[in-house]
Amino acid sequence: EDKVVQSPLSLVVHEGDTVTLNCSYEVTNFRSLLWYKQEKKAPTFLFMLTSSGIEKKSGRLSSILDKKELSSILNITATQTGDSAIYLCAVPNSGGSNYKLTFGKGTLLTVNP
Amino acid sequence: KAGVTQTPRYLIKTRGQQVTLSCSPISGHRSVSWYQQTPGQGLQFLFEYFSETQRNKGNFPGRFSGRQFSNSRSEMNVSTLELGDSALYLCASSLMAGGEGTQYFGPGTRLTVL
């Protein structure tokens with residue numbers, strides 16, 4: 001069965017700090033890894049990493065895929081209070097008619113002023 | 001473009017009752033997936049619908065069912081509610097099925113079973 005594990009489960013930092021969130025996965029026929037940010041209700045899409053796109057960056061957020069270690073990290077530099085959220089990592093299975101997206105339990109990030 | 005909408009946003013039911021949740025995908029999206037989110041289990045896949053057909057189903061009992069209409073709107077039904085069904089139910093739409101497109105989530109329906 002596909003498995004996604006995120007660490008740490010929660011993290012408290014001060015504004016301006018840099019944080020690194022981890023995601024490890026076990027899935028047959030790896031296709032991609034996705035990061036989402038969930039502030040109040042709806043998770044919002046951040047990045048998709050694939051074998052052909054192992055590094056993505058958007059402003060202060062960046063993510064790297066390590067296919068050898070079956071893991072990914074999400075970095076947030078110069079954190080702001082608005083970064084406080086649950087960060088979710090997800091991996092789809094083989095897709096097609098059996099498509100299923102498996103999520104980790106998330107990392108709750110709290111950024112204090 | 002309007003996002004994914006879900007109704008109702010909040011719902012309180014008692015054990016044994018049944019409930020129907022609704023999801024309207026982004027215009028043009030034909031795939032709708034449903035997820036259950038609880039503090040203990042995180043986000044868990046319920047099922048995916050594409051072109052009115054259920055493509056895949058997660059590990060949930062038969063009390064959980066769904067359907068999709070010709071306009072791509074989807075409903076999810078839970079019968080004989082149990083206390084453990086209390087959760088945030090999220091739906092997500094994408095242009096294509098089978099994980100070929102990015103999923104966009106709705107705000108969710110918070111279901112409380114008393």
# chains A, B, ... in the order shown; residues from 1 in each chain; ligands from 1

call {"tool": "residues_around", "arguments": {"residues": "Gln80 of chain A", "least_positions_apart": "3", "cutoff": "7 Å", "atoms": "only C-alpha atoms", "output": "compact mmCIF listing (two decimals) with N, CA and C atoms, in the first residue's frame"}}
result
# COMPACT_ATOMS: atom_id res chain seq x y z
N GLU A 15 9.01 34.74 13.08
CA GLU A 15 9.10 35.43 11.77
C GLU A 15 10.56 35.63 11.40
N GLY A 16 10.86 35.38 10.13
CA GLY A 16 12.22 35.56 9.65
C GLY A 16 13.03 34.28 9.64
N ASP A 83 2.48 32.49 6.64
CA ASP A 83 2.90 31.14 6.25
C ASP A 83 2.34 30.09 7.19
N VAL A 111 3.95 30.31 12.67
CA VAL A 111 4.96 31.35 12.63
C VAL A 111 4.52 32.47 13.56

call {"tool": "residues_around", "arguments": {"residues": "Trp34 of chain B", "least_positions_apart": "6", "cutoff": "6 Å", "atoms": "only C-alpha atoms", "output": "number ranges by chain"}}
result
B: 46-47, 90-91

call {"tool": "interface_residues", "arguments": {"of": "chain B", "to": "chain A", "cutoff": "7 Å", "atoms": "only C-alpha atoms", "output": "ChimeraX atom specification"}}
result
/B:41-45,55-56,98-99,104-108

call {"tool": "select_by_dssp", "arguments": {"residues": "segment 7-103 of chain A", "states": "strand (DSSP E)", "output": "ChimeraX atom specification"}}
result
/A:7,10-14,19-26,32-38,43-50,55-58,61-66,71-76,85-92,101-103

call {"tool": "closest_residue", "arguments": {"among": "B:Gly16, B:Pro8, B:Pro39, B:Pro25", "to": "Gln103 of chain B", "atoms": "only C-alpha atoms"}}
result
B:Pro25

call {"tool": "residues_around", "arguments": {"residues": "Thr20 of chain B", "least_positions_apart": "2", "cutoff": "12 Å", "atoms": "only C-alpha atoms", "output": "list in words"}}
result
Gln6, Thr7, Pro8, Arg9, Tyr10, Leu11, Ile12, Lys13, Gln17, Gln18, Ser22, Cys23, Arg63, Phe64, Ser65, Gly66, Arg67, Ser74, Glu75, Met76, Asn77, Val78, Ser79, Thr80, Leu81, Tyr89, Thr109 and Leu111 of chain B

call {"tool": "closest_residue", "arguments": {"among": "B:Ser31, B:Phe69, B:Met96, B:Gly40", "to": "Leu9 of chain A", "atoms": "only C-alpha atoms"}}
result
B:Gly40
